[in-house]
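This report concerns only the one structure given below.
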Amino acid sequence: MADLTTRIAGIKSPNPFWLASAPPTDKEYNVVRAFKAGWGGVVWKTLGEDPPIVNTSSRYGGLSYKGNRVAGFTNIELITDRPLELNLREIKQVKRDWPDRALIVSLMVPCEEEAWKRILRRVEETGADGVELNFGCPHGMSERGMGAAVGQVPDYVEMVTRWCKQHTRMPVIVKLTPNVASILAPARAAVRGGADAVSLINTINSIIAVDLDRMAPIPVVDGKGTHGGYCGPAVKPVALHMVAEIARDPECRNIPIAGIGGIESWRDAAEFMALGAGAVQVCTAAMHYGFRIVGDMIDGLGRWMDGKSYPRLDAFRGKAVPNVTDWQFLNLNYQIVARIDQDLCVKCGLCHIACEDTAHQAIAASRSGGERRYEVVDQECVGCNLCLYVCPVEDCITMVRLDQDKGHLDWTRHPNNPLRKAAE
């Protein structure tokens with residue numbers, strides 16, 4: 001099998017699958033169970049200074065979609081509500097018992113240099129491999145001037161990161177919030193502050209649903225609700241985009257990345273790595289299916305790498321980044337059209353309805369021998385892919401490139417571009 005050994009920010013683990021800072025990493029019992037199941041590392045649930053946090057009783061909400069019970073997930077839980085001393089004692093013991101696994105400690109304290117200095121010194125004594133600065137939590141802690149309240153202000157990100165680099169020998173990973181107009185501003189700030197790596201995304205600020213009987217946001221706490229952090233499979237596209245933005249940014253190009261957001265299979269992980277991530281962190285999938293899912297992730301990624309002749313993770317890490325570009329550089333001469341396999345077609349008509357009502361009227365409906373038939377009208381088809389995705393039969397509709405080679409023409413050189421005309 002391919003070598004899945006991972007090294008990010010100087011932290012080594014036997015595979016790239018880590019548990020994110022969250023309820024699954026809140027205590028020694030859970031973390032040991034995770035390591036026994038095969039996880040390569042964990043980020044211990046965020047520690048703060050005493051006194052302990054007080055959490056609500058109702059704290060999770062789930063979004064079901066067409067049979068998937070946890071297509072999206074939200075929480076209003078805060079950082080650990082266990083005493084700091086107890087957490088530190090357990091971290092030290094776990095690292096001593098599992099020296100080959102990555103053990104990173106997530107931290108969140110007030111935006112004061114002395115507070116960071118105090119907690120860093122105590123964490124360093126545990127022998128942990130590194131720290132992750134939680135600049136992402138969008139609820140509860142942000143109202144107290146921590147979490148996303150720091151992560152949304154690049155100057156604060158840079159300042160706190162620099163403090164931490166000055167006061168610890170441990171690698172410093174900065175966890176970024178997606179609740180910003182552009183992920184590049186805080187990412188660049190982390191780089192300027194000396195971060196050894198960044199991790200992203202943290203949860204997205206949201207209200208997942210409304211209980212129409214109690215007329216309150218879910219989860220409901222004694223008749224009231226609040227905004228929470230959204231995660232799960234539904235956030236993966238947002239996370240992939242933000243990871244790619246950092247990976248292809250000249251100012252961030254050399255910063256190691258831990259990808260987070262909706263990962264529940266080896267394929268999800270491979271996509272993050274192809275866009276530049278050196279490791280991935282998982283939370284919702286573990287909470288949904290349990291720790292043993294990591295076995296399928298490890299096996300699946302290894303088999304896929306063997307099939308592609310990738311001997312190690314670095315062989316394909318970032319391989320998709322050069323193919324991520326801005327819209328203005330896409331080839332406007334590239335043209336595809338749909339093709340319908342009549343042998344596979346079940347005559348449901350979804351492709352025709354979708355195209356006729358909402359697209360380009362490029363799929364004609366007819367009857368032949370009393371049977372419905374759907375065919376593509378090439379001159380009307382713009383290759384939008386809509387029919388491909390609404391068709392319920394795998395491979396019934398495919399997109400093919402027209403036999404023509406007009407060369408590359410993007411918007412920057414297009415005759416209709418007003419900026420080009422002005423330059424001439």
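In the structure tokens, the first chain shown is A, the next is B, and so on; residue numbers restart at 1 for each chain, and ligands run from 1 in the order shown.
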inquiry  = Just list as JSON, numbers by chain whatever in segment 39-186 of chain A DSSP marks as strand (DSSP E).
reply    = {"A": [41, 42, 43, 44, 45, 46, 47, 60, 61, 62, 63, 64, 65, 68, 69, 70, 71, 72, 73, 74, 75, 102, 103, 104, 105, 106, 107, 130, 131, 132, 133, 134, 172, 173, 174, 175]}
request  = Fewer than 3 positions away in the same chain doesn't count, so skip those; otherwise give me all residues within 12 Å of segment 329-339 of chain A, counting only C-alpha atoms, as a VMD selection string.
outcome  = chain A and resid 323 to 326 342 to 345 351 to 352 355 360 362 to 363 374 to 389 391 395 to 416
Expected file: the selected residues, C-alpha atoms, as a PDB file, in the first residue's frame:
```pdb
ATOM      1  CA  ASN A 323      -5.946  24.114 -12.733  1.00  0.00           C
ATOM      2  CA  VAL A 324      -7.855  26.457 -10.427  1.00  0.00           C
ATOM      3  CA  THR A 325      -8.123  29.827 -12.144  1.00  0.00           C
ATOM      4  CA  ASP A 326     -10.296  32.923 -12.376  1.00  0.00           C
ATOM      5  CA  GLN A 342     -31.132   5.649 -25.757  1.00  0.00           C
ATOM      6  CA  ASP A 343     -30.420   2.155 -24.418  1.00  0.00           C
ATOM      7  CA  LEU A 344     -30.058   3.470 -20.868  1.00  0.00           C
ATOM      8  CA  CYS A 345     -32.808   6.100 -21.046  1.00  0.00           C
ATOM      9  CA  CYS A 351     -33.925  16.200 -18.887  1.00  0.00           C
ATOM     10  CA  HIS A 352     -36.477  17.592 -21.323  1.00  0.00           C
ATOM     11  CA  CYS A 355     -34.082  22.120 -20.245  1.00  0.00           C
ATOM     12  CA  HIS A 360     -32.147  26.426 -23.567  1.00  0.00           C
ATOM     13  CA  ALA A 362     -32.134  21.918 -26.387  1.00  0.00           C
ATOM     14  CA  ILE A 363     -33.771  18.521 -25.722  1.00  0.00           C
ATOM     15  CA  TYR A 374     -35.670  12.498 -26.083  1.00  0.00           C
ATOM     16  CA  GLU A 375     -32.870  13.798 -28.280  1.00  0.00           C
ATOM     17  CA  VAL A 376     -30.436  16.681 -28.044  1.00  0.00           C
ATOM     18  CA  VAL A 377     -30.672  19.566 -30.488  1.00  0.00           C
ATOM     19  CA  ASP A 378     -26.976  20.339 -30.971  1.00  0.00           C
ATOM     20  CA  GLN A 379     -27.424  23.854 -32.320  1.00  0.00           C
ATOM     21  CA  GLU A 380     -29.359  24.871 -29.176  1.00  0.00           C
ATOM     22  CA  CYS A 381     -27.230  23.030 -26.615  1.00  0.00           C
ATOM     23  CA  VAL A 382     -24.764  25.269 -24.737  1.00  0.00           C
ATOM     24  CA  GLY A 383     -23.199  22.438 -22.725  1.00  0.00           C
ATOM     25  CA  CYS A 384     -24.457  23.708 -19.371  1.00  0.00           C
ATOM     26  CA  ASN A 385     -24.549  20.176 -17.787  1.00  0.00           C
ATOM     27  CA  LEU A 386     -28.050  20.623 -16.282  1.00  0.00           C
ATOM     28  CA  CYS A 387     -29.484  17.526 -17.974  1.00  0.00           C
ATOM     29  CA  LEU A 388     -26.491  15.474 -16.830  1.00  0.00           C
ATOM     30  CA  TYR A 389     -27.256  16.212 -13.185  1.00  0.00           C
ATOM     31  CA  CYS A 391     -30.937  12.496 -15.052  1.00  0.00           C
ATOM     32  CA  ASP A 395     -23.983   7.550 -17.481  1.00  0.00           C
ATOM     33  CA  CYS A 396     -27.202   7.858 -19.480  1.00  0.00           C
ATOM     34  CA  ILE A 397     -26.311  11.439 -20.351  1.00  0.00           C
ATOM     35  CA  THR A 398     -22.727  12.359 -21.108  1.00  0.00           C
ATOM     36  CA  MET A 399     -21.102  15.539 -22.330  1.00  0.00           C
ATOM     37  CA  VAL A 400     -18.895  15.350 -25.412  1.00  0.00           C
ATOM     38  CA  ARG A 401     -16.585  17.926 -26.945  1.00  0.00           C
ATOM     39  CA  LEU A 402     -17.400  19.043 -30.449  1.00  0.00           C
ATOM     40  CA  ASP A 403     -14.780  18.213 -33.041  1.00  0.00           C
ATOM     41  CA  GLN A 404     -13.241  21.620 -33.477  1.00  0.00           C
ATOM     42  CA  ASP A 405     -10.078  23.410 -32.493  1.00  0.00           C
ATOM     43  CA  LYS A 406     -10.433  27.173 -32.490  1.00  0.00           C
ATOM     44  CA  GLY A 407      -7.560  27.711 -30.096  1.00  0.00           C
ATOM     45  CA  HIS A 408      -7.703  29.374 -26.692  1.00  0.00           C
ATOM     46  CA  LEU A 409      -9.683  32.582 -26.307  1.00  0.00           C
ATOM     47  CA  ASP A 410     -10.416  33.921 -22.844  1.00  0.00           C
ATOM     48  CA  TRP A 411     -12.252  37.041 -21.711  1.00  0.00           C
ATOM     49  CA  THR A 412      -9.073  39.084 -21.354  1.00  0.00           C
ATOM     50  CA  ARG A 413      -8.591  38.839 -25.135  1.00  0.00           C
ATOM     51  CA  HIS A 414     -12.220  38.669 -26.228  1.00  0.00           C
ATOM     52  CA  PRO A 415     -13.307  41.385 -28.692  1.00  0.00           C
ATOM     53  CA  ASN A 416     -16.408  42.138 -26.574  1.00  0.00           C
TER      54      ASN A 416
END
```
task = Compile the contact shell of Asn179 of chain A as an NGL selection string: residues with an atom at most 8 Å away, counting only C-alpha atoms, same-chain residues fewer than 4 positions apart removed.
result = :A and (138 or 148 or 152 or 204-205)
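Atom CA of Ala279 of chain A lies 10.9 Å from atom CA of Pro14 of chain A.
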What are the closest atom pairs, with distances in Å to one decimal, for each residue of segment 99-176 of chain A lying within 12 Å of segment 35-38 of chain A, using only C-alpha atoms, rows by chain and rising residue number, as a Markdown table?
```
| residue | atom | partner | partner_atom | distance |
| --- | --- | --- | --- | --- |
| A:Pro99 | CA | A:Phe35 | CA | 10.9 |
| A:Asp100 | CA | A:Phe35 | CA | 10.0 |
| A:Arg101 | CA | A:Phe35 | CA | 7.6 |
| A:Ala102 | CA | A:Phe35 | CA | 9.9 |
| A:Leu103 | CA | A:Phe35 | CA | 10.4 |
```
query = From the set A:Pro23, A:Gly140, A:Pro418, A:Gly276, which residue has the shortest atom-to-atom contact distance to Ile246 of chain A, counting only C-alpha atoms?
reply = A:Gly276
Give me, as JSON lines, the closest atom pair and its distance (Å, one decimal) for every residue of segment 213-274 of chain A within a cut-off of 12 Å of segment 49-56 of chain A, counting only C-alpha atoms, rows sorted by chain and rising number.
```
{"residue": "A:Pro219", "atom": "CA", "partner": "A:Thr56", "partner_atom": "CA", "distance": 10.2}
{"residue": "A:Val220", "atom": "CA", "partner": "A:Thr56", "partner_atom": "CA", "distance": 10.1}
{"residue": "A:Val221", "atom": "CA", "partner": "A:Thr56", "partner_atom": "CA", "distance": 7.5}
{"residue": "A:Asp222", "atom": "CA", "partner": "A:Thr56", "partner_atom": "CA", "distance": 10.1}
{"residue": "A:Lys224", "atom": "CA", "partner": "A:Thr56", "partner_atom": "CA", "distance": 11.6}
{"residue": "A:Gly225", "atom": "CA", "partner": "A:Thr56", "partner_atom": "CA", "distance": 10.8}
{"residue": "A:Thr226", "atom": "CA", "partner": "A:Thr56", "partner_atom": "CA", "distance": 11.4}
```
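Atom CA of Val321 of chain A is found 10.4 Å from atom CA of Arg253 of chain A.
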request  = May I have the residues within 12 Å of Ser182 of chain A as a VMD selection string, using only C-alpha atoms and disregarding those fewer than 4 positions away in the same chain?
outcome  = chain A and resid 151 to 154 176 to 178 186 to 188 238 241 to 243 245 to 246
task = Pick out the residues sitting within 12 Å of Gly61 of chain A, and hand them over as a ChimeraX atom specification; count only C-alpha atoms, and ignore anything fewer than 6 positions along from it in its own chain.
result = /A:69-77,206-211,217-221,225-232,284
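Closest approach to Trp304 of chain A among A:Asp3, A:Asp341, A:Glu114, A:Asp357 is made by A:Asp3 (distances from only C-alpha atoms).
For the set A:Arg59, A:Val180, A:Lys165, A:Gly370, the residue with the smallest atom-to-atom gap to Val150 of chain A is A:Val180, counting only C-alpha atoms.
Distances here use only C-alpha atoms; by that measure, the residue among A:Glu90, A:Glu271, A:Asp299, A:Glu251 closest to Gly127 of chain A is A:Glu90.
Straight-line separation from atom CA of Ala9 of chain A to atom CA of Asp155 of chain A: 22.6 Å.
In this comparison, which uses only C-alpha atoms, the residue of A:Trp44, A:Tyr310, A:Trp18, A:Phe291 approaching Ser106 of chain A most closely is A:Trp44.
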